[in-house]
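The block underneath contains the structure these notes are about, expressed in structure tokens.
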Amino acid sequence: MRTFTKFLIFIALGTLIYLSFSTLTPTKDYYGSDKAEDFSLTRALQHVKKVAQEPHSIGTEAHSKVRNYLVQELQKLGLEVHTQKAYNLNAEGIFTAPQNIVAKIPGTNPSSNNDLLVLTHYDSAVHSSYGASDAASGLAVILEGIRTLKAQQKNFKNNIIICFSDAEEIGLNGAEIFVKKHPWAENIGLVINFEARGSGGPSNTIIETNTGNAKLVEAFQNADIPYPLATSLMYSVYKVLPNSTDATVFRENKNIPSFFFAFIDDHYDYHTANDTYERLDRKSLAHQASYFLHMIPYFANTDLKSLTTKEDYVYFNFPIAHFVKYPFSYITPMVFLAWISFIGLIIYGFRKNKLSVRGIGKGFLNFGLALLTLVLVGVFGWKLMLLLNPEYVENLQGFTSNGHAYIAMFVCLSIAIIFFIYRKKFKNPTDRNSYFITPLFLWLLINTGIAIYFKGAAYFIIPVFFALFSLWILFRQKQPNLWLLLLLGIPAIFIFSPLIQFFPIALGLKMLSITTLLCLLLFGLLWPIFANYNKKHFISFMALMACGFFFIKAQTKASFSEENQKPNSLVYLADINKTKAYWCSYDQVLDTYTKRFLTEESLMQNTDNRVFHSKYNSGFTFAQPTEYINIPKAYIEIKSDVDSINKGYTNYRLKILPKRNINRMELLLDRNDTLTKVKANGEAQKQLPAKAYKSFLTYYAVDKDTLNLSFSLKNNKPAKLSIYEASNDLLDNPWVHVPPRNKDMMPKPFVLNDAIITKQEIALP
């Protein structure tokens, strides 16, 4: 009978793990109604389909079409719409002329600093992304959400401002001109921003604030979100990572707090030509809609000025309880109480002969061996996968299309290793109990560190309290009730199971070591259950078989195909001064397409590795000399004079007029120096760092505009300025004859790709 109970417990454990994932998001049919007063996912998807018909990065014709469509759709909703266009030169030297789309739903009783801003961006990533998830999904949710609220004839106390920002993908430029130049920015009390960093998965909630989060967390809970996915762990992680969204601009410049919602799974589609209407996860869109339909009505009737506080909360979502929160001030007492309880239980255990030094020592050795093995498996296991599949390095996102199979494989391998190491049968309850001490001790150490350095993860202590209670049960019962132990393990299952998958999805498969480590730590908390299984070697064997299955599954999908396209890159670079030209690529591994233009011998031996502005600072890896084509070069006019105030500096004024249609211009300086008094088309920037061979200005061209640039530079040594002009028309331009890619290939994202580039080098007088 007990054997059958163990089988049922194992099934129940698997069911709970499944529920820990499935309860995070609504179903794709959650908003299936077609009634006018209901949000319709079908209607929202029509907006996605329209916006994501073609790539629409800033400066393109498709970009203008999308803008016109959005203006018309807002007008259909009865809103007065205007666009805001201005030059912007951001702190990273990204210069362009974004054009935001802005509208307002007037409130019944608006007050100062109390307007609610609903925000997303309408430009797609440069240059090949269709932008269905990032961020047509946000546009669709807002458009259909506003239509729904108007159909319900709801009134709101606060003004609701809608902003579809421009140039988010290149440098948050649209958000910056709104914050700095739009009069409505002065009255905003809260920003709600919709984003995406993949094409699927649950939508995570991130709070951005310069002060404490307590009032925002309380308000979020009061908004009664049906599927809240929000943890203070994400809040703390986001604060220490160099991440930024449009909402960040509001926080940094106006001290305006925000919520932003983003789904991040299926990360391999991010910024690629596969970010399409067809690949957008309908459940992810429904999850975004659930946030909108509860957040907007709540905050549009809330005093937004009351959301400021110095206090921070620990918070996390949990089934049934829905949402749990408590002040940071509880963190240290809770950890202290856990230590006292742990020490008290150890004393009690020794006094009652429920623990032994020998058993604790064996448990420490077993856990230490498992810990060392799994860290090595996580670190070197993925490196082995890269050796087996060298083409994976072309996925700059760090997550491959078969990434979920690899996560499952490493989870199964971790389980196999853990259960093999712990395969011993326990006839003596004292040894069983003693083995539990090491994982509890490690968890307490982890939570002590969290309490000092990373308070957002402090809710990790809660499953530890339940585990300490499980230890008490082990002391009191020779054959403990497994159902009770499973019940006490539920907090650990629901809190940590999703994190096992989350980290490699969010940070890339190179983080599989965190996955393997979390498997062991979760096993440690569930030890009171697993200790009662005598056939742990059988579980280990079955897990190893499952590992093999997922390895085969991953490897069978490792090859590139029409469903899993290989990202590659090719540009034509013409050096006008030297009248030389090159085919260049950022790829690590050449394929049948790039081998038409490049050879293995052309591995960076014919030109320098210039680094254009890009997410990962990618440089050329291959460069092959080719026929020079006389491409029209920009007209450049230079004037200079010695600075009248600081004689050690020379002032330069440049007029650069492109003679062909370009999408982008890069300016590089050949000396490691600092530019001051920088202005681009009258837009000032106090100073821009200009490291040797690094871009100090990246100009995304709009409306064939002339670039008028001025800056000051120390005149203690000569300087050369390199000007690169790029047009993303390599496959369509009559100057070169480049055939379309094979169907199992796509343009590599995050780099200046599919471009005809000209370079001019000018000695500054």
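Identifiers in the structure tokens: chain A, B, ... in order shown; residue index from 1 per chain; ligand index from 1 in order shown.
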Check the DSSP output for the backbone and give back, as JSON, numbers by chain, the residues of range 552-735 of chain A in strand (DSSP E). {"A": [566, 567, 568, 571, 572, 573, 574, 575, 580, 581, 582, 583, 584, 585, 622, 623, 624, 625, 626, 635, 636, 637, 638, 639, 640, 641, 642, 649, 650, 651, 652, 653, 654, 655, 656, 657, 664, 665, 666, 667, 668, 669, 673, 674, 675, 676, 677, 678, 679, 680, 683, 684, 685, 686, 687, 688, 689, 690, 694, 695, 696, 697, 698, 699, 700, 707, 708, 709, 710, 711, 712, 713, 714, 719, 720, 721, 722, 723, 724, 725, 726, 727]}
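Near range 372-376 of chain A, within 8 Å and counting only C-alpha atoms, sit Gly368, Leu369, Val379, Phe380, Gly381, Ser414, Ile417, Ser513, Ile514, Thr516, Leu517 and Leu520 of chain A; same-chain residues fewer than 3 positions away were not included.
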Keeping all heavy atoms, export the residues of the selection given above as an mmCIF file, in the first residue's frame.
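Saved to selection-v3.cif:
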```cif
data_model
loop_
_atom_site.group_PDB
_atom_site.id
_atom_site.type_symbol
_atom_site.label_atom_id
_atom_site.label_comp_id
_atom_site.auth_asym_id
_atom_site.auth_seq_id
_atom_site.Cartn_x
_atom_site.Cartn_y
_atom_site.Cartn_z
ATOM 1 N N GLY A 368 27.743 17.918 -1.141
ATOM 2 C CA GLY A 368 28.899 18.603 -1.731
ATOM 3 C C GLY A 368 29.301 17.994 -3.062
ATOM 4 O O GLY A 368 29.622 18.722 -4.018
ATOM 5 N N LEU A 369 29.266 16.646 -3.137
ATOM 6 C CA LEU A 369 29.593 15.970 -4.391
ATOM 7 C C LEU A 369 28.571 16.319 -5.469
ATOM 8 O O LEU A 369 28.941 16.604 -6.619
ATOM 9 C CB LEU A 369 29.627 14.457 -4.162
ATOM 10 C CG LEU A 369 29.871 13.588 -5.410
ATOM 11 C CD1 LEU A 369 31.225 13.918 -6.041
ATOM 12 C CD2 LEU A 369 29.785 12.102 -5.050
ATOM 13 N N VAL A 379 28.251 24.191 -16.389
ATOM 14 C CA VAL A 379 29.232 25.063 -17.052
ATOM 15 C C VAL A 379 29.790 24.406 -18.309
ATOM 16 O O VAL A 379 29.781 24.995 -19.397
ATOM 17 C CB VAL A 379 30.367 25.430 -16.082
ATOM 18 C CG1 VAL A 379 31.479 26.171 -16.820
ATOM 19 C CG2 VAL A 379 29.835 26.288 -14.940
ATOM 20 N N PHE A 380 30.272 23.178 -18.148
ATOM 21 C CA PHE A 380 30.964 22.530 -19.262
ATOM 22 C C PHE A 380 30.014 21.751 -20.179
ATOM 23 O O PHE A 380 30.361 21.481 -21.336
ATOM 24 C CB PHE A 380 32.059 21.604 -18.732
ATOM 25 C CG PHE A 380 33.166 22.349 -18.044
ATOM 26 C CD1 PHE A 380 33.249 22.368 -16.661
ATOM 27 C CD2 PHE A 380 34.107 23.060 -18.778
ATOM 28 C CE1 PHE A 380 34.256 23.065 -16.021
ATOM 29 C CE2 PHE A 380 35.114 23.760 -18.151
ATOM 30 C CZ PHE A 380 35.195 23.770 -16.770
ATOM 31 N N GLY A 381 28.827 21.421 -19.670
ATOM 32 C CA GLY A 381 27.862 20.711 -20.508
ATOM 33 C C GLY A 381 27.430 21.555 -21.688
ATOM 34 O O GLY A 381 27.352 21.064 -22.822
ATOM 35 N N SER A 414 20.425 16.425 -14.308
ATOM 36 C CA SER A 414 20.620 16.808 -12.904
ATOM 37 C C SER A 414 19.894 15.837 -11.985
ATOM 38 O O SER A 414 20.449 15.399 -10.962
ATOM 39 C CB SER A 414 20.111 18.235 -12.674
ATOM 40 O OG SER A 414 20.806 19.159 -13.473
ATOM 41 N N ILE A 417 21.774 12.531 -11.835
ATOM 42 C CA ILE A 417 22.990 12.609 -11.009
ATOM 43 C C ILE A 417 22.633 12.666 -9.529
ATOM 44 O O ILE A 417 23.240 11.973 -8.697
ATOM 45 C CB ILE A 417 23.824 13.846 -11.424
ATOM 46 C CG1 ILE A 417 24.399 13.636 -12.822
ATOM 47 C CG2 ILE A 417 24.930 14.117 -10.417
ATOM 48 C CD1 ILE A 417 25.027 14.880 -13.424
ATOM 49 N N SER A 513 24.026 26.431 -15.775
ATOM 50 C CA SER A 513 24.581 26.061 -14.469
ATOM 51 C C SER A 513 23.640 26.489 -13.345
ATOM 52 O O SER A 513 23.569 25.829 -12.296
ATOM 53 C CB SER A 513 25.965 26.699 -14.276
ATOM 54 O OG SER A 513 25.895 28.101 -14.447
ATOM 55 N N ILE A 514 22.907 27.604 -13.540
ATOM 56 C CA ILE A 514 21.915 28.021 -12.539
ATOM 57 C C ILE A 514 20.774 27.010 -12.503
ATOM 58 O O ILE A 514 20.251 26.680 -11.433
ATOM 59 C CB ILE A 514 21.385 29.429 -12.860
ATOM 60 C CG1 ILE A 514 22.525 30.448 -12.819
ATOM 61 C CG2 ILE A 514 20.286 29.831 -11.881
ATOM 62 C CD1 ILE A 514 22.095 31.860 -13.134
ATOM 63 N N THR A 516 20.939 23.736 -13.199
ATOM 64 C CA THR A 516 21.377 22.517 -12.505
ATOM 65 C C THR A 516 21.500 22.758 -11.001
ATOM 66 O O THR A 516 21.154 21.889 -10.197
ATOM 67 C CB THR A 516 22.727 22.036 -13.069
ATOM 68 O OG1 THR A 516 23.716 23.082 -12.965
ATOM 69 C CG2 THR A 516 22.589 21.655 -14.538
ATOM 70 N N LEU A 517 21.963 23.958 -10.628
ATOM 71 C CA LEU A 517 22.098 24.284 -9.202
ATOM 72 C C LEU A 517 20.728 24.364 -8.533
ATOM 73 O O LEU A 517 20.531 23.837 -7.424
ATOM 74 C CB LEU A 517 22.846 25.608 -9.046
ATOM 75 C CG LEU A 517 23.056 26.114 -7.613
ATOM 76 C CD1 LEU A 517 23.860 25.108 -6.805
ATOM 77 C CD2 LEU A 517 23.747 27.471 -7.618
ATOM 78 N N LEU A 520 19.226 20.979 -7.690
ATOM 79 C CA LEU A 520 19.755 20.401 -6.458
ATOM 80 C C LEU A 520 19.159 21.092 -5.231
ATOM 81 O O LEU A 520 18.792 20.427 -4.250
ATOM 82 C CB LEU A 520 21.277 20.521 -6.439
ATOM 83 C CG LEU A 520 21.975 20.022 -5.156
ATOM 84 C CD1 LEU A 520 21.692 18.542 -4.946
ATOM 85 C CD2 LEU A 520 23.474 20.283 -5.225
#
```
re CA of Ile146 in chain A and CA of Gly107 in chain A: distance 13.8 Å
* To do: Tell me which protein, DNA and RNA residues are within 7 Å of range 752-757 of chain A, counting only C-alpha atoms, leaving out same-chain ones fewer than 3 positions away, and put them as a PyMOL selection string.
  => chain A and resi 569-574+724-731+748
Contacts of Glu391 in chain A at 8 Å (only C-alpha atoms; same-chain gap of 4+ positions) as a list in words:
Leu386, Gln588 and Val589 of chain A
Taken to one decimal, the CA of Leu486 in chain A-CA of Ile529 in chain A distance is 6.8 Å
*asked:* At a cut-off of 8 Å, using only C-alpha atoms, what residues contact Asn113 in chain A? Leave out same-chain residues fewer than 4 positions from it and give the result as JSON, numbers by chain.
replied: {"A": [186, 187, 188, 189, 304, 305]}
(message) Need the shell around range 640-648 of chain A: protein/DNA/RNA residues with any atom at most 9 Å away, counting only C-alpha atoms. Skip same-chain ones fewer than 5 positions apart. Format as a ChimeraX atom specification?
(response) /A:653-654,712-716,764-765
Considering only C-alpha atoms, return as a JSON list (two decimals) with N, CA and C atoms, in the first residue's frame whatever protein or nucleic-acid residues lie within 9 Å of Ile331 in chain A, sequence-local ones (same chain, fewer than 3 positions apart) excluded.
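Result file around.json:
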```json
[["chain", "number", "residue", "atom", "x", "y", "z"],
["A", 314, "VAL", "N", 8.98, 43.06, -0.20],
["A", 314, "VAL", "CA", 9.21, 41.78, -0.84],
["A", 314, "VAL", "C", 7.86, 41.31, -1.36],
["A", 326, "TYR", "N", 5.30, 41.63, 1.80],
["A", 326, "TYR", "CA", 5.61, 42.05, 3.17],
["A", 326, "TYR", "C", 6.80, 43.01, 3.12],
["A", 327, "PRO", "N", 6.96, 43.85, 4.13],
["A", 327, "PRO", "CA", 8.01, 44.88, 4.09],
["A", 327, "PRO", "C", 9.42, 44.32, 4.16],
["A", 328, "PHE", "N", 10.37, 45.06, 3.62],
["A", 328, "PHE", "CA", 11.78, 44.71, 3.72],
["A", 328, "PHE", "C", 12.20, 44.58, 5.19],
["A", 334, "MET", "N", 13.04, 37.49, 9.88],
["A", 334, "MET", "CA", 12.64, 36.18, 9.37],
["A", 334, "MET", "C", 13.84, 35.26, 9.22],
["A", 335, "VAL", "N", 14.95, 35.79, 8.73],
["A", 335, "VAL", "CA", 16.17, 34.98, 8.60],
["A", 335, "VAL", "C", 16.68, 34.59, 9.99],
["A", 336, "PHE", "N", 16.64, 35.54, 10.91],
["A", 336, "PHE", "CA", 17.08, 35.26, 12.28],
["A", 336, "PHE", "C", 16.22, 34.16, 12.91],
["A", 451, "ALA", "N", 19.57, 38.52, 2.38],
["A", 451, "ALA", "CA", 19.11, 39.56, 3.31],
["A", 451, "ALA", "C", 20.06, 40.75, 3.33],
["A", 455, "LYS", "N", 17.92, 41.85, -1.50],
["A", 455, "LYS", "CA", 16.71, 41.73, -0.70],
["A", 455, "LYS", "C", 15.47, 41.31, -1.52],
["A", 458, "ALA", "N", 14.26, 37.80, -1.04],
["A", 458, "ALA", "CA", 14.14, 37.38, 0.35],
["A", 458, "ALA", "C", 12.99, 36.42, 0.60],
["A", 459, "TYR", "N", 12.02, 36.36, -0.33],
["A", 459, "TYR", "CA", 10.92, 35.41, -0.15],
["A", 459, "TYR", "C", 11.38, 33.96, -0.30],
["A", 461, "ILE", "N", 13.09, 32.56, 1.71],
["A", 461, "ILE", "CA", 13.11, 32.02, 3.06],
["A", 461, "ILE", "C", 11.82, 31.29, 3.40]]
```
Could you give me the residues within range 539-657 of chain A that DSSP places in alpha helix (DSSP H), as an mmCIF file with C-alpha atoms, in the first residue's frame?
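Everything below was put into states.cif:
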```
data_model
loop_
_atom_site.group_PDB
_atom_site.id
_atom_site.type_symbol
_atom_site.label_atom_id
_atom_site.label_comp_id
_atom_site.auth_asym_id
_atom_site.auth_seq_id
_atom_site.Cartn_x
_atom_site.Cartn_y
_atom_site.Cartn_z
ATOM 1 C CA ILE A 539 14.506 7.094 -10.734
ATOM 2 C CA SER A 540 18.077 7.995 -11.676
ATOM 3 C CA PHE A 541 18.021 5.552 -14.582
ATOM 4 C CA MET A 542 14.661 6.795 -15.863
ATOM 5 C CA ALA A 543 15.843 10.409 -15.608
ATOM 6 C CA LEU A 544 18.958 9.474 -17.566
ATOM 7 C CA MET A 545 16.790 7.906 -20.264
ATOM 8 C CA ALA A 546 14.700 11.083 -20.373
ATOM 9 C CA CYS A 547 17.911 13.081 -20.637
ATOM 10 C CA GLY A 548 18.908 10.998 -23.637
ATOM 11 C CA PHE A 549 15.500 11.530 -25.217
ATOM 12 C CA PHE A 550 15.712 15.315 -24.878
ATOM 13 C CA PHE A 551 19.307 15.288 -26.135
ATOM 14 C CA ILE A 552 18.221 13.418 -29.265
ATOM 15 C CA LYS A 553 15.247 15.753 -29.634
ATOM 16 C CA ALA A 554 17.515 18.801 -29.359
ATOM 17 C CA GLN A 555 20.070 17.402 -31.786
ATOM 18 C CA THR A 556 17.469 16.432 -34.388
#
```
One residue among A:Thr27, A:Gln760, A:Ser470, A:Thr272 is nearest to Ile723 in chain A when using only C-alpha atoms, and that residue is A:Gln760
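Of note, CA of Asp591 in chain A and CA of Ile576 in chain A are spaced 28.8 Å apart.
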